[in-house]
$ cat upload_2.tsv   # TSV, C-alpha atoms
chain	number	residue	atom	x	y	z
A	17	MET	CA	23.94	6.14	-30.39
A	18	SER	CA	22.38	5.88	-26.93
A	19	LYS	CA	19.00	4.29	-26.50
A	20	THR	CA	16.02	6.63	-26.30
A	21	LEU	CA	12.93	6.58	-24.12
A	22	LEU	CA	9.49	5.56	-25.32
A	23	ASP	CA	6.81	8.21	-24.75
A	24	LEU	CA	4.65	6.68	-22.02
A	25	SER	CA	2.51	9.79	-21.51
A	26	ALA	CA	-0.51	8.51	-23.45
A	27	LEU	CA	-0.65	5.15	-21.65
A	28	ARG	CA	-2.69	4.52	-18.53
A	29	PHE	CA	-1.09	2.23	-15.96
A	30	LEU	CA	-2.78	0.43	-13.08
A	31	ILE	CA	-0.67	-0.45	-10.02
A	32	VAL	CA	-2.14	-3.25	-7.88
A	33	ASP	CA	-0.36	-3.71	-4.54
A	34	ASP	CA	-1.50	-3.89	-0.93
A	35	SER	CA	1.65	-2.07	0.20
A	36	ALA	CA	1.28	1.71	0.08
A	37	GLU	CA	5.09	1.88	0.07
A	38	MET	CA	5.37	-0.18	-3.10
A	39	ARG	CA	2.56	1.71	-4.80
A	40	SER	CA	4.28	4.99	-4.01
A	41	LEU	CA	7.59	3.65	-5.25
A	42	LEU	CA	6.17	2.34	-8.53
A	43	LEU	CA	4.17	5.55	-9.04
A	44	ASN	CA	7.33	7.65	-8.64
A	45	MET	CA	9.27	5.39	-10.97
A	46	LEU	CA	6.55	5.57	-13.64
A	47	PHE	CA	6.30	9.36	-13.43
A	48	SER	CA	10.09	9.65	-13.72
A	49	LEU	CA	9.95	7.45	-16.81
A	50	GLY	CA	7.42	9.79	-18.42
A	51	ALA	CA	4.07	8.26	-17.50
A	52	HIS	CA	1.32	10.80	-16.72
A	53	ASN	CA	-1.64	8.60	-16.03
A	54	VAL	CA	-1.47	6.05	-13.21
A	55	LEU	CA	-4.29	4.42	-11.24
A	56	GLU	CA	-3.84	2.50	-7.98
A	57	ALA	CA	-5.61	-0.45	-6.34
A	58	GLY	CA	-4.95	-2.17	-3.00
A	59	ASP	CA	-5.84	-5.68	-4.18
A	60	GLY	CA	-7.20	-7.64	-7.12
A	61	ALA	CA	-10.86	-7.02	-6.32
A	62	GLU	CA	-10.38	-3.25	-6.27
A	63	ALA	CA	-8.39	-3.50	-9.49
A	64	LEU	CA	-11.24	-5.35	-11.21
A	65	ASP	CA	-13.66	-2.63	-10.05
A	66	ILE	CA	-11.37	0.09	-11.42
A	67	MET	CA	-10.98	-1.74	-14.72
A	68	GLY	CA	-14.74	-2.01	-14.95
A	69	VAL	CA	-15.12	1.75	-15.28
A	70	ASN	CA	-11.73	2.99	-16.51
A	71	HIS	CA	-9.63	2.36	-19.58
A	72	VAL	CA	-6.30	0.75	-18.63
A	73	ASP	CA	-3.36	-0.04	-20.96
A	74	VAL	CA	-0.84	-1.84	-18.72
A	75	VAL	CA	-1.23	-3.52	-15.30
A	76	LEU	CA	1.57	-3.87	-12.73
A	77	THR	CA	0.47	-6.29	-10.01
A	78	ASP	CA	1.84	-7.78	-6.83
A	79	TRP	CA	1.21	-11.46	-6.12
A	80	MET	CA	0.35	-11.68	-2.43
A	81	MET	CA	-2.70	-9.59	-1.53
A	82	THR	CA	-6.04	-10.17	0.17
A	83	PRO	CA	-8.85	-10.82	-0.50
A	84	VAL	CA	-8.02	-11.25	-4.20
A	85	ASP	CA	-4.34	-11.95	-4.90
A	86	GLY	CA	-2.42	-11.26	-8.09
A	87	MET	CA	-2.84	-14.78	-9.45
A	88	GLU	CA	-6.62	-14.86	-9.03
A	89	PHE	CA	-6.83	-11.33	-10.44
A	90	THR	CA	-4.83	-12.37	-13.52
A	91	ARG	CA	-6.92	-15.49	-14.11
A	92	THR	CA	-10.12	-13.45	-13.81
A	93	VAL	CA	-8.93	-10.82	-16.27
A	94	ARG	CA	-7.85	-13.51	-18.75
A	95	THR	CA	-10.81	-15.88	-18.53
A	96	ASP	CA	-13.91	-14.04	-17.30
A	97	PRO	CA	-16.24	-13.82	-20.31
A	98	LYS	CA	-17.25	-10.32	-19.09
A	99	SER	CA	-13.63	-9.11	-19.03
A	100	ARG	CA	-12.93	-6.30	-21.49
A	101	TYR	CA	-9.21	-6.80	-20.98
A	102	GLN	CA	-8.44	-10.43	-21.73
A	103	MET	CA	-5.33	-9.48	-23.73
A	104	ILE	CA	-4.04	-6.63	-21.57
A	105	PRO	CA	-0.33	-6.79	-20.63
A	106	ILE	CA	0.01	-7.84	-16.97
A	107	ILE	CA	3.42	-7.43	-15.36
A	108	MET	CA	3.67	-9.34	-12.08
A	109	ILE	CA	6.06	-7.87	-9.52
A	110	SER	CA	6.86	-10.29	-6.72
A	111	GLY	CA	9.35	-11.52	-4.18
A	112	TYR	CA	8.31	-15.09	-5.06
A	113	THR	CA	11.18	-15.67	-7.43
A	114	GLU	CA	11.71	-19.42	-7.33
A	115	ALA	CA	11.38	-21.08	-10.74
A	116	LYS	CA	8.18	-22.89	-9.70
A	117	ASN	CA	6.60	-19.55	-8.71
A	118	VAL	CA	7.53	-17.90	-11.99
A	119	ALA	CA	6.08	-20.89	-13.88
A	120	GLN	CA	2.89	-20.66	-11.79
A	121	ALA	CA	2.55	-16.97	-12.66
A	122	ARG	CA	3.11	-17.65	-16.35
A	123	ASN	CA	0.51	-20.41	-16.27
A	124	ALA	CA	-1.99	-17.97	-14.76
A	125	GLY	CA	-1.45	-15.73	-17.79
A	126	VAL	CA	0.94	-12.98	-16.68
A	127	THR	CA	2.78	-11.34	-19.56
A	128	GLU	CA	6.03	-10.48	-17.76
A	129	PHE	CA	7.48	-11.32	-14.34
A	130	LEU	CA	9.60	-8.79	-12.45
A	131	ALA	CA	11.42	-9.90	-9.31
A	132	LYS	CA	11.64	-7.72	-6.22
A	133	PRO	CA	13.70	-5.75	-5.39
A	134	VAL	CA	12.56	-3.57	-8.27
A	135	SER	CA	14.91	-1.23	-10.11
A	136	PRO	CA	13.77	1.52	-12.53
A	137	ASN	CA	15.84	-0.06	-15.28
A	138	ALA	CA	14.23	-3.50	-14.87
A	139	LEU	CA	10.76	-1.97	-14.67
A	140	TYR	CA	11.27	0.09	-17.84
A	141	HIS	CA	12.54	-2.91	-19.77
A	142	ARG	CA	9.50	-5.02	-18.85
A	143	ILE	CA	7.23	-2.16	-19.97
A	144	GLU	CA	9.21	-1.73	-23.18
A	145	GLU	CA	8.93	-5.48	-23.81
A	146	VAL	CA	5.12	-5.49	-23.67
A	147	ILE	CA	4.92	-2.39	-25.88
A	148	LEU	CA	7.44	-3.25	-28.58
A	149	ARG	CA	7.26	-7.03	-28.62
A	150	PRO	CA	3.67	-8.05	-27.84
A	151	ARG	CA	3.08	-11.79	-28.03
A	152	GLN	CA	0.24	-13.57	-29.75
A	153	PHE	CA	-2.61	-14.61	-27.50
A	154	VAL	CA	-3.46	-18.26	-26.93
A	155	ARG	CA	-6.68	-19.89	-25.73
A	156	THR	CA	-6.81	-23.58	-24.91
A	157	LYS	CA	-8.98	-25.62	-22.57
A	158	THR	CA	-6.39	-25.24	-19.82
A	159	TYR	CA	-4.69	-21.92	-20.55
A	160	THR	CA	-5.66	-18.42	-21.62
A	161	GLY	CA	-2.97	-15.79	-21.97
A	162	PRO	CA	0.02	-14.60	-23.94
A	163	ASP	CA	2.07	-17.18	-25.81
A	164	ARG	CA	4.50	-18.48	-23.19
A	165	HIS	CA	7.29	-19.02	-25.71
A	166	ARG	CA	9.74	-16.17	-25.68
A	167	HIS	CA	11.60	-17.51	-28.71
A	168	ASP	CA	10.47	-16.71	-32.20
A	169	ASN	CA	8.06	-19.48	-33.18
A	170	ASP	CA	8.93	-19.04	-36.84
A	171	THR	CA	12.59	-19.78	-36.32
A	172	TYR	CA	12.61	-22.22	-33.38
A	173	PHE	CA	12.67	-25.82	-34.56
A	174	GLY	CA	14.03	-27.52	-31.43
A	175	PRO	CA	12.31	-30.22	-29.40
A	176	LEU	CA	9.07	-29.35	-27.58
A	177	ARG	CA	9.37	-30.81	-24.11
A	178	ARG	CA	7.29	-28.48	-21.95
A	179	GLU	CA	3.67	-29.03	-21.04
A	180	GLU	CA	2.87	-25.58	-22.41
A	181	ASP	CA	4.38	-26.49	-25.77
A	182	GLU	CA	0.99	-27.82	-26.87
A	183	ALA	CA	0.12	-24.57	-28.65
A	184	LEU	CA	3.41	-24.55	-30.53
A	185	LYS	CA	2.92	-28.21	-31.51
A	186	VAL	CA	-0.47	-27.31	-32.99
A	187	GLN	CA	1.05	-24.35	-34.79
A	188	ARG	CA	3.68	-26.61	-36.32
A	189	ARG	CA	1.03	-29.08	-37.36
A	190	LEU	CA	-0.98	-26.28	-38.96
A	191	GLY	CA	2.16	-25.10	-40.73
A	192	LYS	CA	2.83	-28.58	-42.07
A	193	GLU	CA	-0.78	-28.93	-43.25
A	194	GLU	CA	-0.51	-25.56	-44.98
A	195	ASN	CA	2.74	-26.59	-46.63
A	196	SER	CA	1.33	-29.92	-47.78
A	197	GLU	CA	-1.76	-28.11	-49.17
A	198	GLN	CA	0.54	-25.72	-51.01
A	199	SER	CA	2.55	-28.68	-52.35
A	200	ALA	CA	-0.65	-30.34	-53.50
A	201	GLU	CA	-1.77	-27.13	-55.20
A	202	THR	CA	1.60	-26.80	-56.90
A	203	ALA	CA	1.38	-30.41	-58.04
A	204	GLU	CA	-2.16	-29.87	-59.37
A	205	THR	CA	-1.07	-26.75	-61.22
A	206	ALA	CA	1.87	-28.61	-62.67
A	207	ASP	CA	-0.45	-31.46	-63.74
A	208	SER	CA	-2.93	-29.11	-65.39
A	209	GLU	CA	-0.16	-27.24	-67.15
A	210	ALA	CA	1.44	-30.43	-68.33
O	3	MET	CA	-7.04	-4.96	-27.93
O	4	ALA	CA	-8.25	-7.99	-29.84
O	5	GLY	CA	-6.46	-8.98	-33.00
O	6	ASP	CA	-7.30	-11.55	-35.65
O	7	ALA	CA	-8.26	-14.94	-34.22
O	8	ASN	CA	-7.34	-18.24	-35.84
O	9	THR	CA	-8.97	-21.34	-34.44
O	10	ASN	CA	-7.75	-24.87	-34.86
O	11	GLY	CA	-10.89	-26.87	-34.19
O	12	GLY	CA	-8.94	-30.10	-34.07
O	13	GLY	CA	-11.42	-32.91	-33.71
O	14	GLY	CA	-10.66	-36.61	-33.33
O	15	ASP	CA	-7.19	-37.11	-31.82
O	16	ASP	CA	-6.57	-33.37	-31.81
O	17	GLU	CA	-9.67	-32.52	-29.80
O	18	ALA	CA	-7.70	-32.18	-26.57
O	19	ALA	CA	-5.32	-29.81	-28.28
O	20	GLU	CA	-7.95	-27.31	-29.47
O	21	VAL	CA	-6.19	-23.98	-29.60
O	22	GLU	CA	-7.21	-20.49	-30.65
O	23	PHE	CA	-4.51	-17.98	-31.53
O	24	THR	CA	-5.01	-14.23	-31.67
O	25	ALA	CA	-2.42	-12.09	-33.40
O	26	PRO	CA	-0.47	-9.68	-31.16
O	27	SER	CA	-1.88	-6.20	-30.78
O	28	PHE	CA	0.38	-3.26	-31.62
O	29	VAL	CA	-1.98	-0.63	-30.20
O	30	LEU	CA	0.41	0.21	-27.35
O	31	LYS	CA	3.32	0.58	-29.77
O	32	ALA	CA	1.34	3.22	-31.66
O	33	LYS	CA	0.41	4.98	-28.40
O	34	ALA	CA	4.00	5.03	-27.10
O	35	PRO	CA	6.24	6.29	-29.90
O	36	PRO	CA	9.99	6.73	-29.38
O	37	THR	CA	11.18	10.10	-28.10
O	38	THR	CA	14.56	11.74	-28.56
O	39	LEU	CA	15.22	11.71	-24.80
O	40	PRO	CA	18.08	9.45	-23.70
O	41	LEU	CA	16.83	6.47	-21.70
O	42	SER	CA	19.77	6.79	-19.31
O	43	LYS	CA	18.58	10.24	-18.25
O	44	ALA	CA	15.07	8.98	-17.41
O	45	ILE	CA	16.48	5.99	-15.53
O	46	ALA	CA	18.74	8.32	-13.51
O	47	ALA	CA	15.72	10.49	-12.65
O	48	ALA	CA	13.78	7.41	-11.52
O	49	GLU	CA	16.71	6.21	-9.42
O	50	ALA	CA	16.89	9.67	-7.80
O	51	ALA	CA	13.17	9.43	-6.97
O	52	VAL	CA	13.75	6.02	-5.36
O	53	ALA	CA	16.72	7.37	-3.38
O	54	GLU	CA	14.54	10.17	-2.02
O	55	LEU	CA	11.87	7.70	-0.89
O	56	ALA	CA	14.59	5.49	0.62
O	57	GLN	CA	15.65	8.29	2.98
O	58	ASP	CA	12.60	7.65	5.12
O	59	TYR	CA	12.53	3.90	4.64
O	60	ALA	CA	14.33	2.97	7.89
O	61	GLN	CA	11.67	4.85	9.87
O	62	ARG	CA	8.81	3.25	7.95
O	63	ALA	CA	10.44	-0.17	8.24
O	64	SER	CA	10.77	0.30	12.02
O	65	GLU	CA	7.01	0.75	12.16
O	66	GLN	CA	6.49	-2.40	10.06
O	67	VAL	CA	8.82	-4.41	12.33
O	68	ALA	CA	6.99	-3.10	15.43
O	69	GLU	CA	3.73	-4.29	13.87
O	70	LEU	CA	5.32	-7.67	13.13
O	71	ASP	CA	6.55	-7.89	16.73
O	72	GLY	CA	3.06	-7.13	18.03
O	73	ALA	CA	1.54	-9.88	15.89
O	74	PHE	CA	4.26	-12.28	17.07
O	75	ALA	CA	3.51	-11.47	20.73
O	76	ALA	CA	-0.11	-12.50	20.14
O	77	LEU	CA	0.80	-15.76	18.37
O	78	PRO	CA	1.12	-18.15	21.38
O	79	ALA	CA	-2.44	-17.35	22.50
O	80	ALA	CA	-3.93	-17.16	19.00
O	81	ALA	CA	-7.22	-19.03	18.60
O	82	HIS	CA	-6.30	-19.83	15.00
O	83	PRO	CA	-2.52	-20.36	14.89
O	84	ARG	CA	-2.44	-21.06	11.17
O	85	ALA	CA	-4.12	-17.73	10.34
O	86	ALA	CA	-1.84	-15.93	12.81
O	87	ILE	CA	1.25	-17.50	11.18
O	88	GLU	CA	-0.06	-16.54	7.73
O	89	ALA	CA	-0.45	-12.94	8.95
O	90	LEU	CA	3.16	-12.97	10.14
O	91	PHE	CA	4.20	-14.39	6.78
O	92	THR	CA	2.40	-11.59	4.91
O	93	MET	CA	4.10	-8.90	7.02
O	94	SER	CA	7.51	-10.54	6.56
O	95	HIS	CA	6.86	-10.91	2.86
O	96	ASN	CA	6.17	-7.17	2.53
O	97	ILE	CA	9.44	-6.30	4.28
O	98	ARG	CA	11.20	-8.83	2.06
O	99	GLY	CA	9.85	-7.13	-1.06
O	100	GLU	CA	10.48	-3.56	0.02
O	101	GLY	CA	13.85	-3.72	1.81
O	102	GLY	CA	16.10	-4.34	-1.16
O	103	THR	CA	14.14	-1.94	-3.34
O	104	PHE	CA	14.79	0.88	-0.84
O	105	GLY	CA	18.47	0.08	-0.33
O	106	PHE	CA	18.19	-2.39	2.56
O	107	PRO	CA	18.97	-5.80	1.04
O	108	LEU	CA	19.96	-7.16	4.46
O	109	ALA	CA	16.41	-6.49	5.70
O	110	THR	CA	15.17	-8.37	2.63
O	111	ALA	CA	17.49	-11.31	3.37
O	112	VAL	CA	16.39	-11.54	7.03
O	113	ALA	CA	12.71	-11.25	6.09
O	114	ALA	CA	13.14	-13.89	3.36
O	115	SER	CA	14.65	-16.25	5.94
O	116	LEU	CA	11.70	-15.55	8.25
O	117	CYS	CA	9.26	-16.27	5.39
O	118	SER	CA	10.98	-19.59	4.74
O	119	ILE	CA	10.56	-20.80	8.35
O	120	LEU	CA	6.92	-19.66	8.47
O	121	GLU	CA	5.78	-21.07	5.14
O	122	GLY	CA	3.42	-24.03	5.46
O	123	ARG	CA	3.39	-24.04	9.27
O	124	ASN	CA	0.08	-24.78	10.97
O	125	ARG	CA	1.10	-24.33	14.59
O	126	ALA	CA	3.82	-22.64	16.57
O	127	ASP	CA	5.86	-24.85	18.89
O	128	GLU	CA	8.61	-23.58	21.18
O	129	THR	CA	11.41	-24.01	18.64
O	130	LEU	CA	9.50	-22.13	15.97
O	131	LEU	CA	8.67	-19.31	18.41
O	132	GLU	CA	12.35	-19.01	19.32
O	133	ALA	CA	13.38	-18.95	15.67
O	134	ILE	CA	10.80	-16.24	14.87
O	135	ALA	CA	12.02	-14.19	17.85
O	136	VAL	CA	15.63	-14.37	16.62
O	137	HIS	CA	14.57	-13.19	13.17
O	138	ILE	CA	12.49	-10.30	14.53
O	139	ASP	CA	15.37	-9.20	16.76
O	140	SER	CA	17.62	-9.26	13.69
O	141	LEU	CA	15.15	-7.11	11.76
O	142	LYS	CA	14.98	-4.65	14.66
O	143	LEU	CA	18.76	-4.39	14.60
O	144	VAL	CA	18.85	-3.80	10.83
O	145	VAL	CA	16.20	-1.07	10.78
O	146	SER	CA	17.08	0.68	14.05
O	147	THR	CA	20.86	0.92	13.46
O	148	PRO	CA	20.07	1.30	10.45
O	149	ILE	CA	22.17	-1.10	8.36
O	150	ALA	CA	21.84	-0.16	4.70
O	151	GLY	CA	23.26	-2.37	1.96
O	152	ASP	CA	24.28	-5.93	2.77
O	153	GLY	CA	25.79	-4.95	6.12
O	154	GLY	CA	29.29	-6.16	5.21
O	155	ALA	CA	30.91	-8.55	7.71
O	156	GLN	CA	28.23	-7.83	10.33
O	157	GLY	CA	25.50	-8.68	7.81
O	158	ALA	CA	27.25	-11.89	6.75
O	159	GLU	CA	27.61	-12.97	10.37
O	160	LEU	CA	23.95	-12.22	11.05
O	161	MET	CA	22.80	-14.23	8.05
O	162	ALA	CA	25.09	-17.16	8.92
O	163	GLY	CA	23.47	-17.29	12.36
O	164	LEU	CA	19.96	-17.20	10.91
O	165	ARG	CA	20.80	-19.97	8.45
O	166	LYS	CA	21.80	-22.18	11.38
O	167	VAL	CA	18.54	-21.38	13.17
O	168	SER	CA	16.50	-22.12	10.03
O	169	LEU	CA	18.27	-25.41	9.38
O	170	ALA	CA	17.80	-26.49	12.99
O	171	ILE	CA	14.01	-26.19	12.73
O	172	ALA	CA	13.61	-27.42	9.15
O	173	PRO	CA	10.62	-29.83	9.04
O	174	ASP	CA	12.71	-32.66	7.60
O	175	GLY	CA	15.30	-32.19	10.31
O	176	ALA	CA	17.96	-31.35	7.73
$ encode --input "upload_2.tsv" --output "structure tokens"
Amino acid sequence: MSKTLLDLSALRFLIVDDSAEMRSLLLNMLFSLGAHNVLEAGDGAEALDIMGVNHVDVVLTDWMMTPVDGMEFTRTVRTDPKSRYQMIPIIMISGYTEAKNVAQARNAGVTEFLAKPVSPNALYHRIEEVILRPRQFVRTKTYTGPDRHRHDNDTYFGPLRREEDEALKVQRRLGKEENSEQSAETAETADSEA
Amino acid sequence: MAGDANTNGGGGDDEAAEVEFTAPSFVLKAKAPPTTLPLSKAIAAAEAAVAELAQDYAQRASEQVAELDGAFAALPAAAHPRAAIEALFTMSHNIRGEGGTFGFPLATAVAASLCSILEGRNRADETLLEAIAVHIDSLKLVVSTPIAGDGGAQGAELMAGLRKVSLAIAPDGA
């Protein structure tokens, strides 16, 4: 059975890009994929203004823009106490595709990264990912954004080498504490029953 | 959008690792239910829309390259060379991002090469100016011909030449 389309008509998208060409391209792609409601901004500052007065469900943003680029925009959305959209899915679309750039974007709090050139298929799959497989949200002293682990935390037991593994380490510790509490409870119950 | 939050206060040795988790929100999943329409049909429609926009891309790209050329002409006399180079980088970066998307990956490759020689530069010496000029001439060729796709043997030859130029002016002399 062939894969079917999600109904995107009730979602409102915001495209943030200083290139009118790219905005037009993304707008046409979204409409062809069934979206009906799309807002546009020429940079991060305009996007923040739009988000201040409009409901938005998903953001597609470029990286390099002035005066407010995609990274600063993302950090503001994620960490500004006044932000109504701290957990909104942000898909960054950029030609900066080196591993260090992708890591930088993830550390700023982007949900998905899409490399230029953009294809409709790649765009749809990033949108589908944020709709069907939303990630838990993490706040630490140094990071606010979606959980940067793509693997399933419940089933991944491998070594934690990355700097951003701190959240997962804490989760594991919490899990162990919970298990030891459960063991203690079981032991107490067994003692009282004995 | 907020879900249930779970805070690990930590304390003591764990203080630095204070983390708050919020469960994922499935609001969007409820707002975007599956349809019975085949995904392949929607993707084909989107690709057709892109193809239509791409028909005019060579003309639009010619205008972008002319703008780039104008900014380059002003670079030697620029009062603030770093800002002028950054402006060139931004223009090149836009061509880099758009070219491949509209069916001109060779334009993307040339613009990417131009970005790489501009990145981190504070001033424009003769060798850099020559290298920029070669790249802009290459872009003019790609968009005025126009050369869609990777340009085949001609594109490969062009890129091999630009690689030599880029290596020759690499800051570490590599």
$ closest_atom_pairs --input "upload_2.tsv" --of "chain O" --to "chain A" --cutoff "8 Å" --atoms "all atoms listed in the file" --output "Markdown table"
| residue | atom | partner | partner_atom | distance |
| --- | --- | --- | --- | --- |
| O:Met3 | CA | A:Met103 | CA | 6.4 |
| O:Ala4 | CA | A:Met103 | CA | 6.9 |
| O:Asn10 | CA | A:Val186 | CA | 7.9 |
| O:Ala18 | CA | A:Lys157 | CA | 7.8 |
| O:Ala19 | CA | A:Glu182 | CA | 6.8 |
| O:Glu20 | CA | A:Thr156 | CA | 6.0 |
| O:Val21 | CA | A:Thr156 | CA | 4.7 |
| O:Glu22 | CA | A:Arg155 | CA | 5.0 |
| O:Phe23 | CA | A:Val154 | CA | 4.7 |
| O:Thr24 | CA | A:Phe153 | CA | 4.8 |
| O:Ala25 | CA | A:Gln152 | CA | 4.8 |
| O:Pro26 | CA | A:Gln152 | CA | 4.2 |
| O:Ser27 | CA | A:Pro150 | CA | 6.5 |
| O:Phe28 | CA | A:Pro150 | CA | 6.9 |
| O:Leu30 | CA | A:Ile147 | CA | 5.4 |
| O:Lys31 | CA | A:Ile147 | CA | 5.1 |
| O:Lys33 | CA | A:Ala26 | CA | 6.1 |
| O:Ala34 | CA | A:Asp23 | CA | 4.9 |
| O:Pro35 | CA | A:Asp23 | CA | 5.5 |
| O:Pro36 | CA | A:Leu22 | CA | 4.3 |
| O:Thr37 | CA | A:Leu22 | CA | 5.6 |
| O:Thr38 | CA | A:Thr20 | CA | 5.8 |
| O:Leu39 | CA | A:Thr20 | CA | 5.4 |
| O:Pro40 | CA | A:Thr20 | CA | 4.4 |
| O:Leu41 | CA | A:Leu21 | CA | 4.6 |
| O:Ser42 | CA | A:Lys19 | CA | 7.7 |
| O:Ala44 | CA | A:Leu49 | CA | 5.4 |
| O:Ile45 | CA | A:Pro136 | CA | 6.0 |
| O:Ala47 | CA | A:Ser48 | CA | 5.8 |
| O:Ala48 | CA | A:Ser48 | CA | 4.8 |
| O:Glu49 | CA | A:Pro136 | CA | 6.3 |
| O:Ala51 | CA | A:Asn44 | CA | 6.3 |
| O:Val52 | CA | A:Leu41 | CA | 6.6 |
| O:Leu55 | CA | A:Leu41 | CA | 7.3 |
| O:Thr92 | CA | A:Met80 | CA | 7.6 |
| O:His95 | CA | A:Gly111 | CA | 7.5 |
| O:Asn96 | CA | A:Ser35 | CA | 7.2 |
| O:Arg98 | CA | A:Gly111 | CA | 7.0 |
| O:Gly99 | CA | A:Gly111 | CA | 5.4 |
| O:Glu100 | CA | A:Pro133 | CA | 6.7 |
| O:Gly101 | CA | A:Pro133 | CA | 7.5 |
| O:Gly102 | CA | A:Pro133 | CA | 5.1 |
| O:Thr103 | CA | A:Pro133 | CA | 4.3 |
$ residues_around --input "upload_2.tsv" --residues "stretch 62-75 of chain O" --least-positions-apart "6" --cutoff "9 Å" --atoms "only C-alpha atoms" --output "list in words"
Glu37 of chain A; Ala86, Ile87, Ala89, Leu90, Met93, Ser94, Asn96, Ile97, Glu100, Gly101, Leu131, Ile134, Ala135, Ile138, Asp139, Leu141, Lys142, Val145 and Ser146 of chain O
$ atom_distance --input "upload_2.tsv" --atom1 "atom CA of A:Val69" --atom2 "atom CA of A:Phe29"
14.1 Å
$ closest_residue --input "upload_2.tsv" --among "A:Val54, A:Ala36, A:Ile106, A:Leu64" --to "A:Val126" --atoms "all atoms listed in the file"
A:Ile106
